[in-house]
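J.: What follows is my_file-v7.txt, compact mmCIF, C-alpha atoms.
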```txt
# COMPACT_ATOMS: atom_id res chain seq x y z
CA MET A 1 -80.99 50.14 -52.77
CA ALA A 2 -78.91 52.45 -54.95
CA ARG A 3 -75.69 51.09 -53.47
CA ARG A 4 -76.78 47.50 -54.12
CA GLY A 5 -77.57 48.42 -57.72
CA TRP A 6 -74.20 50.14 -58.04
CA ARG A 7 -72.37 47.09 -56.68
CA SER A 8 -74.37 44.81 -58.96
CA VAL A 9 -73.36 46.84 -62.02
CA ARG A 10 -69.80 46.95 -60.75
CA GLY A 11 -69.73 43.18 -60.27
CA ARG A 12 -71.25 42.45 -63.66
CA THR A 13 -68.83 44.83 -65.36
CA THR A 14 -65.83 43.28 -63.61
CA LEU A 15 -66.99 39.74 -64.38
CA GLY A 16 -67.69 40.58 -68.01
CA ALA A 17 -64.31 42.28 -68.48
CA THR A 18 -62.52 39.39 -66.76
CA VAL A 19 -64.25 36.79 -68.93
CA VAL A 20 -63.42 38.69 -72.11
CA VAL A 21 -59.78 39.13 -71.07
CA ALA A 22 -59.59 35.45 -69.99
CA VAL A 23 -60.80 34.27 -73.37
CA ALA A 24 -58.41 36.64 -75.14
CA LEU A 25 -55.48 35.55 -72.97
CA ALA A 26 -56.28 31.86 -73.41
CA ILE A 27 -56.43 32.22 -77.18
CA GLY A 28 -53.28 34.33 -77.13
CA ALA A 29 -51.41 31.88 -74.89
CA VAL A 30 -52.35 28.84 -76.97
CA SER A 31 -51.47 30.68 -80.18
CA PHE A 32 -48.15 31.88 -78.75
CA TYR A 33 -47.24 28.40 -77.52
CA GLY A 34 -48.14 26.86 -80.86
CA ILE A 35 -46.17 29.44 -82.85
CA LEU A 36 -43.17 29.16 -80.51
CA SER A 37 -43.24 25.36 -80.64
CA GLY A 38 -43.36 25.35 -84.41
CA SER A 39 -40.59 27.93 -84.62
CA ILE A 40 -38.31 25.98 -82.27
CA HIS A 41 -38.94 22.67 -84.05
CA SER A 42 -38.34 24.32 -87.44
CA ALA A 43 -35.08 25.87 -86.26
CA THR A 44 -33.88 22.54 -84.84
CA GLU A 45 -34.84 20.71 -88.02
CA ARG A 46 -33.05 23.24 -90.22
CA SER A 47 -29.95 22.99 -88.05
CA ALA A 48 -30.06 19.19 -88.24
CA GLU A 49 -30.52 19.29 -92.02
CA GLN A 50 -27.48 21.57 -92.37
CA ARG A 51 -25.40 19.21 -90.23
CA LEU A 52 -26.61 16.23 -92.24
CA ASP A 53 -25.65 17.94 -95.49
CA GLU A 54 -22.18 18.71 -94.09
CA LEU A 55 -21.63 15.05 -93.10
CA ALA A 56 -22.92 13.78 -96.44
CA GLU A 57 -20.66 16.15 -98.36
CA ARG A 58 -17.63 15.09 -96.30
CA LEU A 59 -18.32 11.40 -96.77
CA ASP A 60 -18.86 11.76 -100.54
CA GLN A 61 -15.48 13.41 -101.00
CA PRO A 62 -12.43 11.27 -101.97
CA GLY A 63 -10.80 9.99 -98.82
CA GLY A 64 -13.97 10.58 -96.86
CA ARG A 65 -13.87 6.95 -95.69
CA GLY A 66 -11.34 6.33 -93.00
CA PRO A 67 -8.81 3.49 -93.13
CA ASP A 68 -10.49 1.92 -90.15
CA GLY A 69 -13.61 1.15 -92.22
CA ALA A 70 -15.71 3.53 -90.15
CA ASP A 71 -16.31 5.67 -93.22
CA GLY A 72 -15.08 8.76 -91.47
CA LEU A 73 -17.54 8.52 -88.55
CA GLY A 74 -15.02 7.56 -85.96
CA GLY A 75 -14.36 11.14 -84.89
CA LEU A 76 -18.01 11.95 -84.17
CA ASP A 77 -18.04 11.26 -80.45
CA ASP A 78 -21.08 13.32 -79.40
CA GLU A 79 -23.35 12.70 -82.40
CA ILE A 80 -25.54 9.75 -83.27
CA VAL A 81 -24.80 9.01 -86.92
CA GLN A 82 -25.25 5.79 -88.90
CA ILE A 83 -24.66 4.67 -92.45
CA ILE A 84 -27.35 2.22 -93.50
CA ALA A 85 -26.92 -0.20 -96.40
CA ASP A 86 -29.65 -1.09 -98.89
CA ASP A 87 -30.46 -4.24 -96.93
CA GLY A 88 -31.11 -2.16 -93.75
CA SER A 89 -27.92 -3.22 -91.95
CA VAL A 90 -25.66 -0.74 -90.22
CA ARG A 91 -22.48 -0.30 -92.29
CA ALA A 92 -20.91 2.27 -90.03
CA ALA A 93 -21.82 4.25 -86.92
CA SER A 94 -20.39 6.91 -84.65
CA GLU A 95 -19.21 5.93 -81.20
CA GLU A 96 -22.28 7.59 -79.60
CA ALA A 97 -24.56 5.63 -81.99
CA ARG A 98 -22.86 2.31 -81.17
CA ASP A 99 -23.20 2.97 -77.43
CA ALA A 100 -26.85 3.99 -77.65
CA LEU A 101 -28.16 1.66 -80.39
CA GLY A 102 -25.63 -1.09 -80.89
CA SER A 103 -26.48 -2.80 -84.17
CA THR A 104 -30.03 -1.43 -84.28
CA ALA A 105 -30.55 0.75 -87.32
CA LEU A 106 -32.26 4.10 -87.18
CA PRO A 107 -35.38 4.47 -89.35
CA VAL A 108 -34.84 5.74 -92.89
CA THR A 109 -37.62 8.15 -93.91
CA ASP A 110 -38.07 10.99 -96.31
CA ASP A 111 -39.32 13.29 -93.55
CA ALA A 112 -37.88 14.03 -90.15
CA VAL A 113 -39.31 11.90 -87.34
CA THR A 114 -39.10 12.12 -83.59
CA MET A 115 -38.25 9.08 -81.48
CA THR A 116 -36.86 8.32 -78.04
CA ILE A 117 -33.33 7.01 -77.72
CA ASP A 118 -32.00 6.23 -74.25
CA ASP A 119 -34.98 8.05 -72.74
CA GLU A 120 -34.11 11.18 -74.67
CA PRO A 121 -36.25 12.65 -77.48
CA MET A 122 -34.39 12.68 -80.79
CA LEU A 123 -35.09 14.13 -84.23
CA VAL A 124 -34.05 11.65 -86.91
CA LEU A 125 -33.20 12.69 -90.49
CA SER A 126 -31.69 10.74 -93.39
CA ASP A 127 -29.93 11.58 -96.68
CA ASP A 128 -28.89 9.31 -99.57
CA LEU A 129 -25.18 8.96 -100.37
CA ASP A 130 -23.71 8.29 -103.82
CA ASP A 131 -23.11 4.52 -103.44
CA ASP A 132 -26.62 3.37 -102.47
CA ARG A 133 -26.06 4.04 -98.84
CA THR A 134 -28.08 6.24 -96.53
CA LEU A 135 -26.69 8.60 -93.94
CA VAL A 136 -28.92 8.88 -90.84
CA LEU A 137 -28.50 11.55 -88.16
CA ALA A 138 -30.28 11.77 -84.78
CA VAL A 139 -30.27 15.12 -83.02
CA SER A 140 -31.43 15.65 -79.45
CA VAL A 141 -34.50 17.87 -78.99
CA GLU A 142 -34.49 17.66 -75.21
CA ASN A 143 -33.53 21.32 -74.91
CA ASP A 144 -36.46 22.25 -77.11
CA ALA A 145 -38.81 20.28 -74.89
CA GLU A 146 -37.37 21.90 -71.77
CA THR A 147 -37.77 25.36 -73.33
CA LEU A 148 -41.39 24.69 -74.27
CA SER A 149 -42.08 23.22 -70.85
CA THR A 150 -40.66 26.34 -69.20
CA VAL A 151 -42.80 28.56 -71.43
CA ALA A 152 -45.89 26.49 -70.60
CA VAL A 153 -45.22 26.86 -66.86
CA LEU A 154 -44.70 30.61 -67.23
CA LEU A 155 -47.93 30.96 -69.19
CA THR A 156 -49.81 28.83 -66.67
CA VAL A 157 -48.64 31.12 -63.87
CA ALA A 158 -48.73 34.45 -65.73
CA VAL A 159 -52.22 34.15 -67.26
CA PRO A 160 -54.06 33.72 -63.92
CA LEU A 161 -51.96 36.47 -62.34
CA LEU A 162 -52.76 38.77 -65.24
CA LEU A 163 -56.44 37.88 -64.97
CA LEU A 164 -56.35 38.68 -61.27
CA LEU A 165 -54.67 42.00 -62.03
CA VAL A 166 -57.30 42.79 -64.67
CA ALA A 167 -60.15 41.87 -62.31
CA VAL A 168 -58.78 44.02 -59.47
CA THR A 169 -58.05 46.93 -61.81
CA THR A 170 -61.49 46.70 -63.41
CA TRP A 171 -63.13 46.52 -59.99
CA LEU A 172 -61.30 49.63 -58.79
CA VAL A 173 -61.70 51.61 -62.03
CA THR A 174 -65.38 50.67 -62.37
CA GLY A 175 -66.03 51.62 -58.79
CA ARG A 176 -64.35 54.95 -59.29
CA ALA A 177 -66.29 55.55 -62.51
CA LEU A 178 -69.68 54.50 -61.11
CA ARG A 179 -69.36 56.33 -57.81
CA PRO A 180 -70.36 59.70 -59.37
CA VAL A 181 -73.23 57.95 -61.18
CA SER A 182 -74.44 56.54 -57.88
CA ARG A 183 -74.21 60.00 -56.33
CA ILE A 184 -76.18 61.53 -59.21
CA ARG A 185 -78.78 58.78 -58.86
CA GLU A 186 -79.18 59.41 -55.14
CA GLU A 187 -79.52 63.17 -55.72
CA VAL A 188 -82.11 62.73 -58.47
CA ASP A 189 -83.99 60.16 -56.39
CA GLY A 190 -84.37 62.76 -53.66
CA ILE A 191 -85.89 65.37 -56.00
CA THR A 192 -89.67 65.41 -55.73
CA ALA A 193 -92.38 67.63 -57.20
CA GLU A 194 -91.86 70.03 -54.30
CA ARG A 195 -88.07 70.13 -54.84
CA LEU A 196 -87.83 70.56 -58.61
CA HIS A 197 -85.65 73.62 -58.08
CA HIS A 198 -82.79 71.43 -56.83
CA ARG A 199 -80.05 70.53 -59.30
CA VAL A 200 -77.36 67.86 -59.55
CA ALA A 201 -73.79 68.94 -58.85
CA VAL A 202 -71.77 68.86 -62.09
CA PRO A 203 -68.20 67.56 -61.57
CA ASP A 204 -65.23 69.38 -63.08
CA SER A 205 -64.05 66.26 -64.94
CA ALA A 206 -65.53 67.39 -68.31
CA ASP A 207 -66.22 63.76 -69.21
CA GLU A 208 -69.31 61.62 -69.78
CA ILE A 209 -70.25 61.83 -66.08
CA ALA A 210 -70.26 65.62 -66.26
CA ALA A 211 -72.32 65.40 -69.48
CA LEU A 212 -74.77 63.08 -67.70
CA ALA A 213 -75.12 65.52 -64.80
CA SER A 214 -75.67 68.41 -67.22
CA THR A 215 -78.29 66.38 -69.09
CA MET A 216 -80.07 65.58 -65.84
CA ASN A 217 -80.05 69.26 -64.90
CA GLY A 218 -81.45 70.14 -68.32
CA MET A 219 -84.25 67.62 -67.82
CA LEU A 220 -84.95 69.03 -64.36
CA ASP A 221 -85.05 72.55 -65.84
CA ARG A 222 -87.69 71.43 -68.34
CA LEU A 223 -89.69 69.61 -65.68
CA ASP A 224 -89.49 72.62 -63.37
CA ALA A 225 -90.58 74.97 -66.17
CA SER A 226 -93.42 72.62 -67.12
CA ALA A 227 -94.59 72.29 -63.53
CA THR A 228 -94.40 76.06 -63.03
CA ALA A 229 -96.36 76.65 -66.23
CA GLN A 230 -98.93 74.08 -65.16
CA ARG A 231 -99.37 75.67 -61.74
CA ARG A 232 -99.66 79.10 -63.34
CA PHE A 233 -102.14 77.74 -65.87
CA VAL A 234 -104.29 76.20 -63.14
CA SER A 235 -104.17 79.43 -61.15
CA ASP A 236 -105.03 81.59 -64.16
CA ALA A 237 -107.78 79.23 -65.30
CA SER A 238 -109.26 79.20 -61.82
CA HIS A 239 -109.20 82.99 -61.73
CA GLU A 240 -110.77 83.31 -65.18
CA LEU A 241 -113.50 80.82 -64.36
CA ARG A 242 -114.17 82.36 -60.97
CA SER A 243 -114.76 85.85 -62.39
CA PRO A 244 -117.97 85.15 -64.37
CA LEU A 245 -119.24 82.88 -61.61
CA ALA A 246 -118.68 85.65 -59.08
CA VAL A 247 -120.57 88.14 -61.27
CA ILE A 248 -123.52 85.76 -61.65
CA ARG A 249 -123.59 85.07 -57.93
CA GLN A 250 -123.32 88.76 -57.08
CA HIS A 251 -126.29 89.70 -59.26
CA ALA A 252 -128.29 86.73 -58.02
CA GLU A 253 -127.69 87.70 -54.37
CA LEU A 254 -128.53 91.32 -55.19
CA ALA A 255 -131.79 90.26 -56.85
CA GLN A 256 -132.59 88.01 -53.91
CA ALA A 257 -131.88 90.72 -51.34
CA HIS A 258 -133.59 93.53 -53.25
CA PRO A 259 -136.15 91.99 -55.59
CA SER A 260 -137.88 95.31 -56.08
CA THR A 261 -134.82 97.07 -57.52
CA THR A 262 -133.58 94.23 -59.81
CA SER A 263 -135.61 93.14 -62.79
CA ILE A 264 -135.75 89.58 -64.05
CA GLY A 265 -134.70 90.79 -67.50
CA GLU A 266 -131.58 92.49 -66.15
CA LEU A 267 -130.61 89.40 -64.17
CA ALA A 268 -131.22 87.14 -67.17
CA GLU A 269 -129.05 89.37 -69.34
CA VAL A 270 -126.16 89.26 -66.86
CA VAL A 271 -126.44 85.50 -66.46
CA SER A 272 -126.57 85.03 -70.24
CA ASP A 273 -123.53 87.26 -70.89
CA GLU A 274 -121.43 85.72 -68.13
CA GLY A 275 -122.57 82.25 -69.12
CA LEU A 276 -121.40 82.88 -72.68
CA ARG A 277 -118.09 84.16 -71.36
CA LEU A 278 -117.76 81.10 -69.13
CA GLN A 279 -118.62 78.85 -72.05
CA GLY A 280 -116.00 80.54 -74.22
CA ILE A 281 -113.31 80.04 -71.59
CA VAL A 282 -114.18 76.36 -71.13
CA GLU A 283 -114.25 75.74 -74.88
CA SER A 284 -110.88 77.46 -75.27
CA LEU A 285 -109.40 75.36 -72.48
CA LEU A 286 -110.77 72.18 -74.04
CA LEU A 287 -109.32 73.16 -77.42
CA LEU A 288 -105.91 73.83 -75.88
CA ALA A 289 -106.06 70.47 -74.12
CA ARG A 290 -106.88 68.77 -77.42
CA LEU A 291 -104.00 70.56 -79.12
CA ASP A 292 -101.65 69.44 -76.35
CA GLU A 293 -102.81 65.87 -76.91
CA GLY A 294 -102.09 66.05 -80.65
CA ALA A 295 -105.28 67.41 -82.15
CA GLY A 296 -105.00 68.58 -85.72
CA SER A 297 -104.20 65.16 -87.15
CA VAL A 298 -106.82 65.76 -89.86
CA HIS A 299 -105.06 66.63 -93.11
CA GLU A 300 -107.28 67.59 -96.00
CA PRO A 301 -107.00 70.35 -98.61
CA VAL A 302 -108.05 73.73 -97.20
CA ASP A 303 -108.34 76.96 -99.21
CA LEU A 304 -107.00 79.61 -96.88
CA ASP A 305 -108.07 82.41 -99.20
CA ASP A 306 -111.72 81.37 -98.80
CA ILE A 307 -111.40 81.39 -95.00
CA ALA A 308 -109.65 84.78 -95.07
CA LEU A 309 -112.31 86.31 -97.34
CA GLY A 310 -114.98 85.01 -95.00
CA GLU A 311 -113.32 86.81 -92.09
CA VAL A 312 -113.10 89.99 -94.15
CA ARG A 313 -116.84 89.90 -94.82
CA ARG A 314 -117.59 89.16 -91.16
CA LEU A 315 -115.54 92.08 -89.86
CA ARG A 316 -116.98 94.47 -92.44
CA SER A 317 -120.49 93.49 -91.41
CA SER A 318 -119.62 94.55 -87.87
CA GLY A 319 -118.49 98.00 -89.04
CA VAL A 320 -114.70 97.46 -89.13
CA GLU A 321 -112.72 98.82 -92.08
CA VAL A 322 -110.87 95.77 -93.49
CA ASP A 323 -108.37 95.66 -96.36
CA GLY A 324 -108.51 92.27 -98.10
CA SER A 325 -106.61 93.19 -101.25
CA GLY A 326 -103.60 91.13 -100.17
CA ILE A 327 -105.47 87.83 -100.24
CA ARG A 328 -104.19 85.43 -102.90
CA ALA A 329 -105.29 81.88 -103.70
CA ALA A 330 -103.44 79.37 -101.51
CA ARG A 331 -104.16 75.83 -100.39
CA VAL A 332 -102.74 73.99 -97.41
CA GLU A 333 -103.36 70.64 -95.76
CA GLY A 334 -104.91 70.60 -92.31
CA ASP A 335 -108.08 70.66 -90.28
CA PRO A 336 -110.44 73.26 -91.83
CA ARG A 337 -112.23 73.87 -88.54
CA LEU A 338 -108.99 74.55 -86.65
CA LEU A 339 -107.58 76.76 -89.41
CA GLY A 340 -110.86 78.70 -89.41
CA GLN A 341 -110.45 79.12 -85.63
CA LEU A 342 -106.91 80.41 -86.20
CA LEU A 343 -108.07 83.10 -88.65
CA ARG A 344 -111.07 83.97 -86.46
CA ASN A 345 -108.91 84.52 -83.37
CA LEU A 346 -106.42 86.71 -85.24
CA ALA A 347 -109.18 88.73 -86.88
CA ASP A 348 -111.00 89.27 -83.58
CA ASN A 349 -107.74 90.24 -81.87
CA ALA A 350 -106.97 92.79 -84.61
CA ALA A 351 -110.51 94.23 -84.57
CA ARG A 352 -110.43 94.51 -80.76
CA HIS A 353 -107.20 96.56 -80.70
CA ALA A 354 -107.48 98.48 -83.99
CA GLN A 355 -108.24 102.19 -84.01
CA GLY A 356 -110.03 101.91 -87.32
CA ARG A 357 -108.17 99.79 -89.86
CA VAL A 358 -107.45 96.06 -90.24
CA ALA A 359 -105.73 94.23 -93.11
CA ILE A 360 -105.79 90.50 -93.85
CA GLY A 361 -103.44 88.96 -96.42
CA VAL A 362 -102.68 85.48 -97.80
CA ALA A 363 -99.53 85.16 -99.93
CA PRO A 364 -97.97 81.91 -101.19
CA ALA A 365 -94.20 81.93 -101.75
CA ASP A 366 -91.36 79.38 -101.85
CA GLY A 367 -93.50 76.43 -100.79
CA TYR A 368 -95.14 78.26 -97.88
CA VAL A 369 -98.24 80.36 -97.29
CA PHE A 370 -97.85 83.57 -95.29
CA VAL A 371 -101.07 84.66 -93.59
CA THR A 372 -100.86 88.23 -92.22
CA VAL A 373 -103.35 90.03 -89.98
CA GLU A 374 -102.44 93.60 -89.01
CA ASP A 375 -104.06 96.57 -87.35
CA ASP A 376 -103.36 100.22 -86.61
CA GLY A 377 -103.54 99.85 -82.86
CA ALA A 378 -100.90 100.30 -80.18
CA GLY A 379 -98.84 97.30 -81.30
CA VAL A 380 -96.89 94.81 -79.20
CA PRO A 381 -93.64 95.83 -77.48
CA VAL A 382 -90.56 93.97 -78.72
CA ASP A 383 -89.81 92.41 -75.33
CA GLU A 384 -93.39 91.10 -75.06
CA ARG A 385 -93.70 89.52 -78.53
CA GLU A 386 -93.00 86.02 -77.26
CA ARG A 387 -94.95 86.30 -74.04
CA VAL A 388 -98.09 87.40 -75.91
CA PHE A 389 -98.60 83.81 -77.06
CA GLU A 390 -98.66 82.44 -73.52
CA ARG A 391 -101.95 81.39 -71.97
CA PHE A 392 -103.99 83.94 -70.00
CA VAL A 393 -101.60 86.76 -70.90
CA ARG A 394 -103.02 90.27 -71.38
CA LEU A 395 -100.35 92.85 -72.06
CA ASP A 396 -102.66 95.78 -71.37
CA GLU A 397 -103.79 95.29 -67.80
CA ALA A 398 -106.13 98.28 -68.12
CA ARG A 399 -108.35 96.38 -70.55
CA SER A 400 -111.56 95.21 -68.97
CA ARG A 401 -112.79 91.72 -69.57
CA ASP A 402 -115.60 93.22 -71.65
CA ALA A 403 -113.16 94.94 -74.03
CA GLY A 404 -110.54 92.18 -73.98
CA GLY A 405 -110.57 88.41 -74.28
CA SER A 406 -109.63 85.73 -71.83
CA GLY A 407 -105.97 85.68 -72.86
CA LEU A 408 -106.29 82.32 -74.63
CA GLY A 409 -106.90 83.38 -78.23
CA LEU A 410 -103.28 83.84 -79.29
CA ALA A 411 -102.22 80.72 -77.37
CA ILE A 412 -104.77 78.81 -79.44
CA VAL A 413 -103.39 80.41 -82.61
CA ARG A 414 -99.88 79.17 -81.81
CA GLY A 415 -101.17 75.71 -80.91
CA ILE A 416 -103.14 75.37 -84.17
CA ALA A 417 -100.20 76.67 -86.23
CA ALA A 418 -97.84 74.15 -84.60
CA ALA A 419 -100.35 71.32 -85.09
CA SER A 420 -100.55 72.26 -88.79
CA GLY A 421 -96.76 72.20 -89.20
CA GLY A 422 -96.33 75.98 -89.15
CA THR A 423 -95.28 78.92 -86.97
CA VAL A 424 -96.65 82.27 -85.87
CA ALA A 425 -94.83 85.50 -85.03
CA VAL A 426 -95.68 89.15 -84.40
CA ASP A 427 -93.97 92.35 -85.55
CA ASP A 428 -94.93 95.91 -86.55
CA SER A 429 -97.67 96.62 -89.04
CA ARG A 430 -97.48 99.22 -91.80
CA TRP A 431 -99.46 101.62 -89.57
CA GLY A 432 -97.37 101.06 -86.44
CA GLY A 433 -99.71 98.55 -84.87
CA ALA A 434 -99.32 94.77 -84.57
CA ARG A 435 -98.88 92.41 -87.49
CA PHE A 436 -99.27 88.67 -86.90
CA VAL A 437 -97.65 86.40 -89.50
CA VAL A 438 -98.61 82.70 -89.70
CA THR A 439 -96.36 80.52 -91.89
CA LEU A 440 -97.82 77.24 -93.14
CA PRO A 441 -96.51 74.75 -95.72
CA LEU A 442 -98.31 74.73 -99.06
CA ALA A 443 -100.32 71.64 -99.98
CA ARG A 444 -98.44 69.28 -102.27
```
Could the structure of this file be written out as structure tokens, please?

T.:
Amino acid sequence: MARRGWRSVRGRTTLGATVVVAVALAIGAVSFYGILSGSIHSATERSAEQRLDELAERLDQPGGRGPDGADGLGGLDDEIVQIIADDGSVRAASEEARDALGSTALPVTDDAVTMTIDDEPMLVLSDDLDDDRTLVLAVSVENDAETLSTVAVLLTVAVPLLLLLVAVTTWLVTGRALRPVSRIREEVDGITAERLHHRVAVPDSADEIAALASTMNGMLDRLDASATAQRRFVSDASHELRSPLAVIRQHAELAQAHPSTTSIGELAEVVSDEGLRLQGIVESLLLLARLDEGAGSVHEPVDLDDIALGEVRRLRSSGVEVDGSGIRAARVEGDPRLLGQLLRNLADNAARHAQGRVAIGVAPADGYVFVTVEDDGAGVPVDERERVFERFVRLDEARSRDAGGSGLGLAIVRGIAAASGGTVAVDDSRWGGARFVVTLPLAR
């Protein structure tokens, strides 16, 4: 199938190139023949005019007429020359003119004309003499016709041969050029979801084919990374969802096996806690799915300072020491519910890892709003500051699922920031902990 497609492209390319070259050659050949014909005829006419002027000048000179009454034309053996009177009769003629025309007069015209004399094409020109006579000269153009005929034959033979050469060359060059493309196509066609780690061989030609192979490998790299991330996401999601279900099932089986030692209240509390955790995971997954599908298309004015102050009050009510002095008035455009989720996740993350202090700031500058949430906890290592935004990532493996989250909060933060046209990054706080900085464009 691939080879048939390759040959089809090769054939169409060869045919197209041949047609284009054929049209160009045909136009060029016709133009060349026309220019050459005009040039030859012009040169012959100029030469004949010069000869006519020479004869007229000689005849107009004193003594130009011979004593034999031939008016000086008797010595012109190889030229057809006549002197025509006003009444159209031939007053004098060269020997060649008498043999070819007899008493028939050549036409007298202002412009040069072509006629056949003794089956030979002739160019006829005339010039007035001083005594109301007209000198007429006929010059053979048979050599011109033979030259043009030879050129026409050469063009008729050369153009098809050149077309054949172009077609063969195009066929060979196109085949050589498309052969690596066909090989790349066959290699890519053999790469399936289970073989995404395979790559296309990049030739050493450093041309467009090598660029195509590199582009294909780049695409395969992205597909492989996406598939790997998807498989990891499915695995992590399955693990996270299985944990609360396993806890519920364990307590239910324990209550069923030992009803006397397990109270209904204790079982209900476990089921409620794990159900809430399960609900939180599912809601986070649904939100991430919506963000992947382009959620956040709502754009309305949102006062970030109001949202930030609300988070400050919420954390203080739970007993966390929060510094909100860095909050300034700032308005952005976006989805207020998603932006509230962004601030909530960052605040909860800071409160979870802080030793005692949290600071929330909102600062507009240079057309952007910088939202900062920092704590005095252990911080985030430099080599983990990008990975922390991946889904289901917990840097501190010692954290229990009661103390830590599901590993989706910061991934949601990055997704909401991207959907709102912004970015998020993490560095060191003023107390040595973690400081998350969200950059969003100011509302216009």

J.: Using only C-alpha atoms, which of A:Arg51, A:Arg328, A:Arg344, A:Arg195 sits nearest Ala138 (chain A)?

T.: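 Closest candidate: A:Arg51.
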
J.: Using all atoms listed in the file, pick whichever of A:Met219, A:Val21, A:Ile84, A:Val141 has the shortest atom-to-atom distance to Val166 (chain A).

T.: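 Smallest separation from Val166 (chain A) among the options: A:Val21.
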
J.: Identify, on the basis of all atoms listed in the file, every residue whose closest approach to region 200-211 of chain A does not exceed 12 Å; exclude the query and any residue fewer than 5 positions from it along the same chain; express the result as a list in words.

T.: Arg176, Ala177, Leu178, Arg179, Pro180, Val181, Ser182, Arg183, Ile184, Arg185, Glu186, Glu187, Val188, Asp189, Gly190, Ile191, Arg195, Met216, Asn217, Gly218, Met219, Leu220 and Asp221 of chain A

J.: Find the residues near Leu346 (chain A): any atom within 8 Å, counting all atoms listed in the file, skip ones fewer than 6 places away on the same chain, and give them as a list of chain:residue names.

T.: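 Final neighbour list, sorted by chain and number: A:Val373, A:Gly409, A:Leu410, A:Val413, A:Phe436.
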
J.: Return the single residue from A:Ala105, A:Val113, A:Val282, A:Val312 that is closest to Gly88 (chain A), with distances computed using only C-alpha atoms.

T.: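 With only C-alpha atoms as the atom set, the closest residue is A:Ala105.
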
J.: Once you count all atoms listed in the file, which residues end up no further than 10 Å from (-107.6, 85.9, -85.6) in the file's frame, shown as a count of residues only?

T.: 24
